[in-house]
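One file, query-v5.txt, carrying compact mmCIF, C-alpha atoms and all ligand atoms:
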# COMPACT_ATOMS: atom_id res chain seq x y z
CA MET G 1 14.88 -6.60 4.70
CA ALA G 2 13.04 -4.20 6.95
CA SER G 3 12.02 -0.77 5.80
CA PRO G 4 14.90 1.69 6.19
CA LYS G 5 12.62 3.96 8.19
CA LYS G 6 12.55 1.49 11.05
CA LYS G 7 14.72 2.50 13.97
CA LEU G 8 17.94 0.58 14.33
CA GLN G 9 17.95 -0.95 17.80
CA GLY G 10 19.28 -3.82 19.84
CA LEU G 11 22.51 -5.55 18.95
CA VAL G 12 24.37 -4.93 15.73
CA ALA G 13 27.28 -7.25 14.93
CA ALA G 14 30.29 -5.54 13.38
CA THR G 15 31.11 -8.26 10.87
CA ILE G 16 34.56 -9.70 10.32
CA THR G 17 35.51 -9.82 6.64
CA PRO G 18 36.27 -13.46 5.92
CA MET G 19 39.52 -13.98 4.03
CA THR G 20 41.16 -16.94 2.37
CA GLU G 21 44.71 -17.86 3.32
CA HIS G 22 45.81 -16.01 0.17
CA GLY G 23 44.36 -12.71 1.35
CA GLU G 24 41.31 -12.80 -0.91
CA ILE G 25 37.83 -12.23 0.40
CA ASN G 26 36.11 -15.50 1.13
CA PHE G 27 32.61 -14.76 -0.08
CA SER G 28 31.57 -18.39 0.17
CA VAL G 29 31.06 -18.31 3.96
CA ILE G 30 28.94 -15.16 4.21
CA GLY G 31 25.65 -17.02 3.81
CA GLN G 32 26.51 -19.36 6.69
CA TYR G 33 27.72 -16.40 8.73
CA VAL G 34 24.30 -14.72 8.41
CA ASP G 35 22.54 -17.90 9.51
CA TYR G 36 24.89 -18.28 12.47
CA LEU G 37 24.23 -14.72 13.67
CA VAL G 38 20.47 -15.05 13.38
CA GLU G 39 20.05 -18.61 14.63
CA GLU G 40 22.83 -18.99 17.20
CA GLN G 41 23.35 -15.45 18.44
CA GLY G 42 19.91 -13.88 18.03
CA VAL G 43 21.55 -10.93 16.23
CA LYS G 44 19.63 -9.53 13.26
CA ASN G 45 21.54 -6.37 12.41
CA ILE G 46 25.02 -6.02 10.98
CA PHE G 47 27.59 -3.28 10.49
CA VAL G 48 29.76 -4.06 7.48
CA ASN G 49 33.26 -2.79 6.55
CA GLY G 50 33.84 -1.05 9.89
CA THR G 51 36.80 -1.43 12.24
CA THR G 52 36.22 -5.14 12.80
CA GLY G 53 35.62 -5.72 9.09
CA GLU G 54 38.86 -3.85 8.25
CA GLY G 55 36.97 -1.71 5.76
CA LEU G 56 39.73 0.89 5.68
CA SER G 57 42.26 -1.76 4.66
CA LEU G 58 40.18 -2.96 1.71
CA SER G 59 40.10 -1.49 -1.77
CA VAL G 60 36.96 0.35 -2.88
CA SER G 61 36.18 -2.53 -5.21
CA GLU G 62 36.52 -5.06 -2.39
CA ARG G 63 34.32 -2.92 -0.15
CA ARG G 64 31.62 -2.82 -2.80
CA GLN G 65 31.70 -6.57 -3.28
CA VAL G 66 31.64 -7.28 0.46
CA ALA G 67 28.69 -4.93 0.96
CA GLU G 68 26.82 -6.54 -1.93
CA GLU G 69 27.33 -10.03 -0.60
CA TRP G 70 26.12 -9.20 2.92
CA VAL G 71 23.04 -7.43 1.60
CA ALA G 72 22.24 -10.31 -0.77
CA LYS G 73 22.73 -13.03 1.84
CA GLY G 74 20.94 -11.06 4.54
CA ARG G 75 17.80 -10.50 2.48
CA ASN G 76 14.68 -11.73 4.33
CA LYS G 77 16.88 -12.89 7.22
CA LEU G 78 18.39 -9.76 8.73
CA ASP G 79 16.52 -6.67 9.91
CA GLN G 80 19.14 -4.11 8.93
CA VAL G 81 22.45 -3.99 7.11
CA VAL G 82 24.43 -0.80 7.71
CA ILE G 83 27.47 -0.21 5.53
CA HIS G 84 30.42 1.80 6.76
CA VAL G 85 31.45 4.02 3.83
CA GLY G 86 33.98 6.32 5.49
CA ALA G 87 37.22 6.94 3.58
CA LEU G 88 39.95 9.56 3.34
CA SER G 89 38.83 10.39 -0.18
CA LEU G 90 35.47 12.14 -0.26
CA LYS G 91 34.88 10.76 -3.76
CA ASP G 92 35.47 7.19 -2.62
CA SER G 93 33.14 7.73 0.29
CA GLN G 94 30.44 9.16 -1.95
CA GLU G 95 30.83 6.30 -4.41
CA LEU G 96 30.41 3.78 -1.59
CA ALA G 97 27.40 5.66 -0.23
CA ARG G 98 25.71 5.66 -3.65
CA HIS G 99 26.54 2.01 -4.05
CA ALA G 100 25.06 1.16 -0.63
CA ALA G 101 21.82 2.83 -1.74
CA GLU G 102 21.80 1.00 -5.07
CA ILE G 103 22.20 -2.44 -3.52
CA GLY G 104 19.43 -1.84 -0.98
CA ALA G 105 21.39 -1.41 2.27
CA ASP G 106 19.44 0.01 5.22
CA GLY G 107 21.87 2.72 6.25
CA ILE G 108 25.37 4.13 5.97
CA ALA G 109 27.88 5.14 8.60
CA VAL G 110 30.95 7.36 8.30
CA ILE G 111 34.00 7.97 10.49
CA ALA G 112 35.89 11.26 10.54
CA PRO G 113 38.75 11.60 8.02
CA PHE G 114 41.77 10.58 10.06
CA PHE G 115 44.93 11.69 8.22
CA LEU G 116 44.40 15.32 7.36
CA LYS G 117 41.88 15.78 10.13
CA PRO G 118 38.98 18.23 10.36
CA ARG G 119 40.02 20.99 12.76
CA ASN G 120 36.56 21.84 13.95
CA LYS G 121 32.95 20.77 13.97
CA ASP G 122 31.93 22.70 10.86
CA ILE G 123 34.63 21.14 8.70
CA LEU G 124 33.67 17.66 9.89
CA ILE G 125 29.95 18.26 9.36
CA ASN G 126 30.59 19.52 5.84
CA PHE G 127 32.48 16.35 5.00
CA LEU G 128 29.77 14.12 6.46
CA LYS G 129 27.10 16.11 4.65
CA GLU G 130 28.78 15.63 1.28
CA VAL G 131 28.77 11.88 1.85
CA ALA G 132 25.18 11.78 3.15
CA THR G 133 24.00 13.73 0.12
CA ALA G 134 25.26 10.97 -2.17
CA ALA G 135 22.66 8.63 -0.61
CA PRO G 136 19.74 10.96 0.15
CA ALA G 137 17.29 8.16 0.90
CA LEU G 138 19.48 6.26 3.36
CA PRO G 139 19.63 6.78 7.13
CA PHE G 140 23.02 8.24 8.05
CA TYR G 141 25.02 7.40 11.19
CA TYR G 142 28.12 9.16 12.44
CA TYR G 143 30.73 6.73 13.72
CA HIS G 144 32.58 8.37 16.60
CA ILE G 145 35.82 6.54 17.38
CA PRO G 146 38.30 9.19 18.54
CA ALA G 147 40.97 6.78 19.81
CA LEU G 148 41.45 5.46 16.27
CA THR G 149 40.70 8.53 14.14
CA GLY G 150 42.44 11.03 16.42
CA VAL G 151 39.49 13.37 15.81
CA LYS G 152 38.49 14.48 19.29
CA ILE G 153 35.55 16.73 18.40
CA ARG G 154 32.95 15.88 21.02
CA ALA G 155 29.93 14.00 19.74
CA GLU G 156 27.65 16.22 21.79
CA GLU G 157 28.97 19.27 19.94
CA LEU G 158 28.65 17.56 16.57
CA LEU G 159 25.03 16.56 17.17
CA ASP G 160 23.96 20.08 18.02
CA GLY G 161 21.70 21.08 15.10
CA ILE G 162 23.00 18.27 12.88
CA GLN G 163 19.66 17.52 11.21
CA ASP G 164 19.58 21.03 9.76
CA LYS G 165 22.75 20.15 7.88
CA ILE G 166 22.19 16.44 7.35
CA PRO G 167 18.46 15.68 7.09
CA THR G 168 19.10 11.93 6.86
CA PHE G 169 21.00 11.87 10.16
CA GLN G 170 19.55 9.00 12.20
CA GLY G 171 22.04 8.32 14.92
CA LEU G 172 25.42 7.88 16.40
CA LYS G 173 27.71 4.95 16.87
CA PHE G 174 29.72 5.96 19.90
CA SER G 175 32.97 4.04 20.38
CA ASP G 176 34.49 5.88 23.29
CA THR G 177 34.49 5.60 27.07
CA ASP G 178 33.48 9.22 27.74
CA LEU G 179 30.05 8.68 29.25
CA LEU G 180 29.65 12.38 29.94
CA ASP G 181 29.79 13.05 26.22
CA PHE G 182 27.54 10.06 25.44
CA GLY G 183 25.01 10.97 28.14
CA GLN G 184 24.82 14.53 26.89
CA CYS G 185 24.21 13.33 23.34
CA VAL G 186 21.18 11.43 24.65
CA ASP G 187 20.01 14.17 27.00
CA GLN G 188 20.20 16.99 24.47
CA ASN G 189 18.42 15.09 21.71
CA ARG G 190 15.45 13.64 23.53
CA GLN G 191 13.03 15.15 21.02
CA GLN G 192 14.69 13.37 18.10
CA GLN G 193 14.22 9.73 17.34
CA PHE G 194 17.96 9.13 17.01
CA ALA G 195 19.61 5.77 17.53
CA PHE G 196 22.32 5.97 20.19
CA LEU G 197 24.48 2.94 19.57
CA PHE G 198 27.29 2.22 21.99
CA GLY G 199 30.51 0.65 20.74
CA VAL G 200 32.52 -0.39 23.78
CA ASP G 201 31.14 -3.85 24.45
CA GLU G 202 32.81 -4.29 27.86
CA GLN G 203 30.99 -1.19 29.18
CA LEU G 204 27.60 -1.54 27.51
CA LEU G 205 25.67 -1.75 30.77
CA SER G 206 26.85 1.72 31.83
CA ALA G 207 25.79 3.07 28.46
CA LEU G 208 22.34 1.49 28.81
CA VAL G 209 21.94 3.44 32.02
CA MET G 210 22.85 6.60 30.04
CA GLY G 211 20.14 5.85 27.46
CA ALA G 212 21.84 3.79 24.76
CA THR G 213 19.20 2.41 22.37
CA GLY G 214 21.45 -0.30 20.96
CA ALA G 215 25.02 -1.40 20.47
CA VAL G 216 27.41 -2.09 17.61
CA GLY G 217 30.36 -4.33 18.36
CA SER G 218 32.73 -7.07 17.38
CA THR G 219 31.84 -9.35 20.28
CA TYR G 220 28.18 -9.63 19.24
CA ASN G 221 29.40 -11.98 16.53
CA TYR G 222 29.97 -14.61 19.18
CA MET G 223 28.58 -13.20 22.45
CA GLY G 224 25.35 -11.86 21.00
CA LYS G 225 23.29 -14.39 22.89
CA LYS G 226 24.99 -13.58 26.18
CA THR G 227 24.68 -9.83 25.60
CA ASN G 228 21.02 -10.22 24.67
CA GLN G 229 20.50 -11.83 28.08
CA MET G 230 22.02 -8.73 29.64
CA LEU G 231 19.73 -6.47 27.61
CA GLU G 232 16.70 -8.51 28.67
CA ALA G 233 17.72 -8.37 32.35
CA PHE G 234 18.18 -4.60 32.06
CA GLU G 235 14.81 -4.27 30.36
CA ARG G 236 13.02 -6.06 33.22
CA LYS G 237 15.01 -3.96 35.74
CA ASP G 238 16.87 -6.95 37.10
CA PHE G 239 20.08 -5.00 37.52
CA SER G 240 21.89 -7.58 39.56
CA SER G 241 21.52 -10.20 36.78
CA ALA G 242 22.44 -7.58 34.18
CA LEU G 243 25.62 -6.81 36.12
CA ASN G 244 26.49 -10.48 36.40
CA HIS G 245 26.18 -10.81 32.62
CA GLN G 246 28.34 -7.71 32.10
CA PHE G 247 31.02 -9.04 34.46
CA CYS G 248 31.07 -12.34 32.62
CA ILE G 249 31.49 -10.50 29.30
CA GLN G 250 34.20 -8.32 30.88
CA ARG G 251 36.16 -11.34 32.11
CA PHE G 252 36.26 -12.66 28.57
CA ILE G 253 37.18 -9.34 26.92
CA ASN G 254 39.80 -8.66 29.60
CA PHE G 255 41.38 -12.03 28.87
CA VAL G 256 41.45 -11.30 25.13
CA LEU G 257 42.84 -7.79 25.58
CA LYS G 258 45.69 -9.15 27.69
CA LEU G 259 46.46 -11.77 25.05
CA VAL G 260 46.46 -9.16 22.31
CA SER G 261 48.71 -6.81 24.27
CA GLU G 262 51.25 -9.62 24.70
CA PHE G 263 51.34 -10.00 20.93
CA LEU G 264 51.72 -6.30 20.38
CA LEU G 265 54.53 -5.76 22.89
C1 LIG G 301 38.09 -0.56 18.51
C2 LIG G 301 37.06 -1.59 18.18
O1 LIG G 301 37.26 -2.47 17.39
N1 LIG G 301 35.92 -1.48 18.82
C3 LIG G 301 34.84 -2.38 18.61
C4 LIG G 301 33.69 -1.60 18.05
O2 LIG G 301 33.56 -0.42 18.23
C5 LIG G 301 34.40 -3.05 19.91
O3 LIG G 301 33.40 -3.98 19.59
C6 LIG G 301 35.56 -3.75 20.59
O4 LIG G 301 36.09 -4.71 19.71
C7 LIG G 301 35.12 -4.43 21.88
O5 LIG G 301 34.50 -3.51 22.71
C8 LIG G 301 36.30 -5.09 22.60
O6 LIG G 301 37.17 -4.11 23.10
C1 LIG G 302 32.70 -2.34 16.46
C2 LIG G 302 32.42 -1.61 15.25
O1 LIG G 302 31.47 -0.94 15.14
C3 LIG G 302 33.32 -1.74 14.16
O2 LIG G 302 34.00 -2.73 14.10
O3 LIG G 302 33.34 -0.84 13.32
Could you spell out this file's structure in structure tokens?
Ligand SMILES: CC(=O)N[C@H](C=O)[C@@H](O)[C@H](O)[C@H](O)CO
Ligand SMILES: CC(=O)C(=O)O
Amino acid sequence: MASPKKKLQGLVAATITPMTEHGEINFSVIGQYVDYLVEEQGVKNIFVNGTTGEGLSLSVSERRQVAEEWVAKGRNKLDQVVIHVGALSLKDSQELARHAAEIGADGIAVIAPFFLKPRNKDILINFLKEVATAAPALPFYYYHIPALTGVKIRAEELLDGIQDKIPTFQGLKFSDTDLLDFGQCVDQNRQQQFAFLFGVDEQLLSALVMGATGAVGSTYNYMGKKTNQMLEAFERKDFSSALNHQFCIQRFINFVLKLVSEFLL
């Protein structure tokens, strides 16, 4: 695995947690899953136990085992393995952060506590800091996903002076459509080497324009190759090809979202 000091960039697949039909974690397919991402999708970074991986629906023990398996199977194949360690219990979160460090993960990410919610920036920062301190050698990412946590504190506000409180802060995973907030995060932190990772796959091209340095998402599990083509087109300033790739990705995600909404209604 790459040195944890290396900046996290490009695509990061938010891994699905494989389950057996009996609701147990199916560890046996994780090795193949890594090979598939690297060889078929050209994706060499993963984000484990997040929204897609249903980390918040797993027990702490399951989360530890899942993290261990991804790190073990990703060794010498993946560039970076980031473990989401957010939890309602600070102690659980700290335990998972310590564990991520012990097993040799490359970073940790944390969402805002979402039941009894932090009322303001300082309360949220203090929580994040307590978790980050449990893994003082690991890069720390804040996972901003207000639609699911209900915590609407703007990322721009949170980032203001964050390294004074959390020295290991390395970046933001931004899963929201507010490009004013995202753009201001980038604009106001130009001096820092933060990773600005966008998390709304259907709108990634707009976020690239705003300065995103990478992306974390569920669709990079199976549309990593396609999205990489969009990133390459953007990189060579071929915006019309980049837009065609984004539209193609949008048509697929739109189709899926409509399917899902039929199930939910
Ligand atoms: C809420 C959620 O799961 N968001 C994912 C990550 O942030 C995205 O990758 C979406 O799955 C994707 O953008 C499709 O809407
Ligand atoms: C998309 C993402 O980052 C997650 O599933 O947590």
Box along x, y and z, 5 Å on every side, all listed atoms of ligand LIG 301 (chain G) inside: centre and edge lengths in Å to one decimal, as lines of an AutoDock Vina configuration file.
center_x = 35.7
center_y = -2.8
center_z = 20.2
size_x = 14.7
size_y = 14.7
size_z = 15.7
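Comparing the minimum interatomic distances between ligand LIG 301 (chain G) and each of G:Thr52, G:Asn45, G:Asn189, G:Asn244, counting only C-alpha atoms and all ligand atoms, we find that G:Thr52 sits nearest.
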Env. residues ligand LIG 302 (chain G) / 10 Å / only C-alpha atoms and all ligand atoms / as a short mmCIF file (atom, residue, chain, number, x, y, z; two decimals) with C-alpha atoms, keeping the file's coordinate frame:
data_model
loop_
_atom_site.label_atom_id
_atom_site.label_comp_id
_atom_site.auth_asym_id
_atom_site.auth_seq_id
_atom_site.Cartn_x
_atom_site.Cartn_y
_atom_site.Cartn_z
CA VAL G 12 24.37 -4.93 15.73
CA ALA G 13 27.28 -7.25 14.93
CA ALA G 14 30.29 -5.54 13.38
CA THR G 15 31.11 -8.26 10.87
CA ILE G 16 34.56 -9.70 10.32
CA ILE G 46 25.02 -6.02 10.98
CA PHE G 47 27.59 -3.28 10.49
CA VAL G 48 29.76 -4.06 7.48
CA ASN G 49 33.26 -2.79 6.55
CA GLY G 50 33.84 -1.05 9.89
CA THR G 51 36.80 -1.43 12.24
CA THR G 52 36.22 -5.14 12.80
CA GLY G 53 35.62 -5.72 9.09
CA GLU G 54 38.86 -3.85 8.25
CA GLY G 55 36.97 -1.71 5.76
CA ILE G 83 27.47 -0.21 5.53
CA HIS G 84 30.42 1.80 6.76
CA ALA G 109 27.88 5.14 8.60
CA VAL G 110 30.95 7.36 8.30
CA ILE G 111 34.00 7.97 10.49
CA TYR G 143 30.73 6.73 13.72
CA HIS G 144 32.58 8.37 16.60
CA ILE G 145 35.82 6.54 17.38
CA LYS G 173 27.71 4.95 16.87
CA PHE G 174 29.72 5.96 19.90
CA SER G 175 32.97 4.04 20.38
CA LEU G 197 24.48 2.94 19.57
CA PHE G 198 27.29 2.22 21.99
CA GLY G 199 30.51 0.65 20.74
CA VAL G 200 32.52 -0.39 23.78
CA ASP G 201 31.14 -3.85 24.45
CA ALA G 215 25.02 -1.40 20.47
CA VAL G 216 27.41 -2.09 17.61
CA GLY G 217 30.36 -4.33 18.36
CA SER G 218 32.73 -7.07 17.38
CA THR G 219 31.84 -9.35 20.28
CA TYR G 220 28.18 -9.63 19.24
#
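A distance cut-off of 8 Å around (21.1, 15.2, 16.0), counting only C-alpha atoms, selects these protein and nucleic acid residues: Leu158, Leu159, Asp160, Gly161, Ile162, Gln163, Phe169, Gln170, Gly171, Asn189, Gln192 and Phe194 of chain G.
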Practice item. Could you tell me how far atom CA of His99 of chain G lies from atom CA of Val60 of chain G, in Å and to one decimal? Key: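 Between atom CA of His99 of chain G and atom CA of Val60 of chain G the gap works out to 10.6 Å.
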Exercise for review: Record the distance separating atom CA of Glu130 of chain G and atom CA of Pro146 of chain G, expressed in Å with one decimal.
Suggested key: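 Atom-to-atom, atom CA of Glu130 of chain G to atom CA of Pro146 of chain G, that is 20.7 Å.
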Point to revise | Counting all atoms listed in the file, the residue of G:Thr149, G:Asn221, G:Gln250, G:Ser61 that sits nearest Tyr33 of chain G | key: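 Using all atoms listed in the file, Tyr33 of chain G sits closest to G:Asn221.
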**Study point:** Shell around Met19 of chain G at 12 Å using only C-alpha atoms, local window under 4 positions removed, as a PyMOL selection string
**Key:** chain G and resi 23-30+53-54+58+62+66
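Pairwise distance (atom CA of Glu235 of chain G, atom CA of Leu8 of chain G) equals 17.0 Å.
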Point to revise | G:Val151, G:Lys129, G:Leu138, G:Gln65 ranked by distance to Leu116 of chain G, top pick (using all atoms listed in the file) | key: G:Val151
Review point. With distances taken over all atoms listed in the file, which of G:Glu69, G:Asp176, G:Asp187, G:Asp238 is nearest to ligand LIG 301 (chain G)?
Key: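 For ligand LIG 301 (chain G), the nearest of the given residues is G:Asp176.
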Revision key, fill the gap. Closest of G:Asn120, G:Asn126, G:Thr213, G:Asn254 to ligand LIG 301 (chain G), counting all atoms listed in the file, is G:Asn254
My structure is short of atoms at segment 144-161 of chain G; please model N, CA and C atoms there, returning them as a compact mmCIF listing (two decimals), in the coordinates of the input.
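The result, written out as out28.txt:
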# COMPACT_ATOMS: atom_id res chain seq x y z
N HIS G 144 31.64 7.63 15.75
CA HIS G 144 32.58 8.37 16.60
C HIS G 144 33.57 7.39 17.23
N ILE G 145 34.82 7.46 16.83
CA ILE G 145 35.82 6.54 17.38
C ILE G 145 37.15 7.29 17.52
N PRO G 146 37.18 8.25 18.46
CA PRO G 146 38.30 9.19 18.54
C PRO G 146 39.66 8.54 18.80
N ALA G 147 39.67 7.40 19.51
CA ALA G 147 40.97 6.78 19.81
C ALA G 147 41.64 6.31 18.52
N LEU G 148 40.85 5.94 17.53
CA LEU G 148 41.45 5.46 16.27
C LEU G 148 41.56 6.55 15.22
N THR G 149 40.61 7.48 15.17
CA THR G 149 40.70 8.53 14.14
C THR G 149 41.59 9.69 14.60
N GLY G 150 41.71 9.87 15.91
CA GLY G 150 42.44 11.03 16.42
C GLY G 150 41.61 12.31 16.34
N VAL G 151 40.37 12.19 15.89
CA VAL G 151 39.49 13.37 15.81
C VAL G 151 38.68 13.44 17.10
N LYS G 152 39.02 14.44 17.92
CA LYS G 152 38.49 14.48 19.29
C LYS G 152 37.26 15.38 19.43
N ILE G 153 36.73 15.86 18.31
CA ILE G 153 35.55 16.73 18.40
C ILE G 153 34.45 15.96 19.14
N ARG G 154 33.92 16.59 20.18
CA ARG G 154 32.95 15.88 21.02
C ARG G 154 31.67 15.59 20.24
N ALA G 155 31.14 14.40 20.47
CA ALA G 155 29.93 14.00 19.74
C ALA G 155 28.76 14.93 20.09
N GLU G 156 28.72 15.32 21.35
CA GLU G 156 27.65 16.22 21.79
C GLU G 156 27.63 17.51 20.96
N GLU G 157 28.84 18.03 20.72
CA GLU G 157 28.97 19.27 19.94
C GLU G 157 28.54 19.02 18.49
N LEU G 158 28.97 17.88 17.96
CA LEU G 158 28.65 17.56 16.57
C LEU G 158 27.15 17.42 16.35
N LEU G 159 26.46 16.83 17.33
CA LEU G 159 25.03 16.56 17.17
C LEU G 159 24.17 17.82 17.26
N ASP G 160 24.74 18.86 17.83
CA ASP G 160 23.96 20.08 18.02
C ASP G 160 23.52 20.65 16.66
N GLY G 161 22.25 20.55 16.35
CA GLY G 161 21.70 21.08 15.10
C GLY G 161 22.05 20.28 13.86
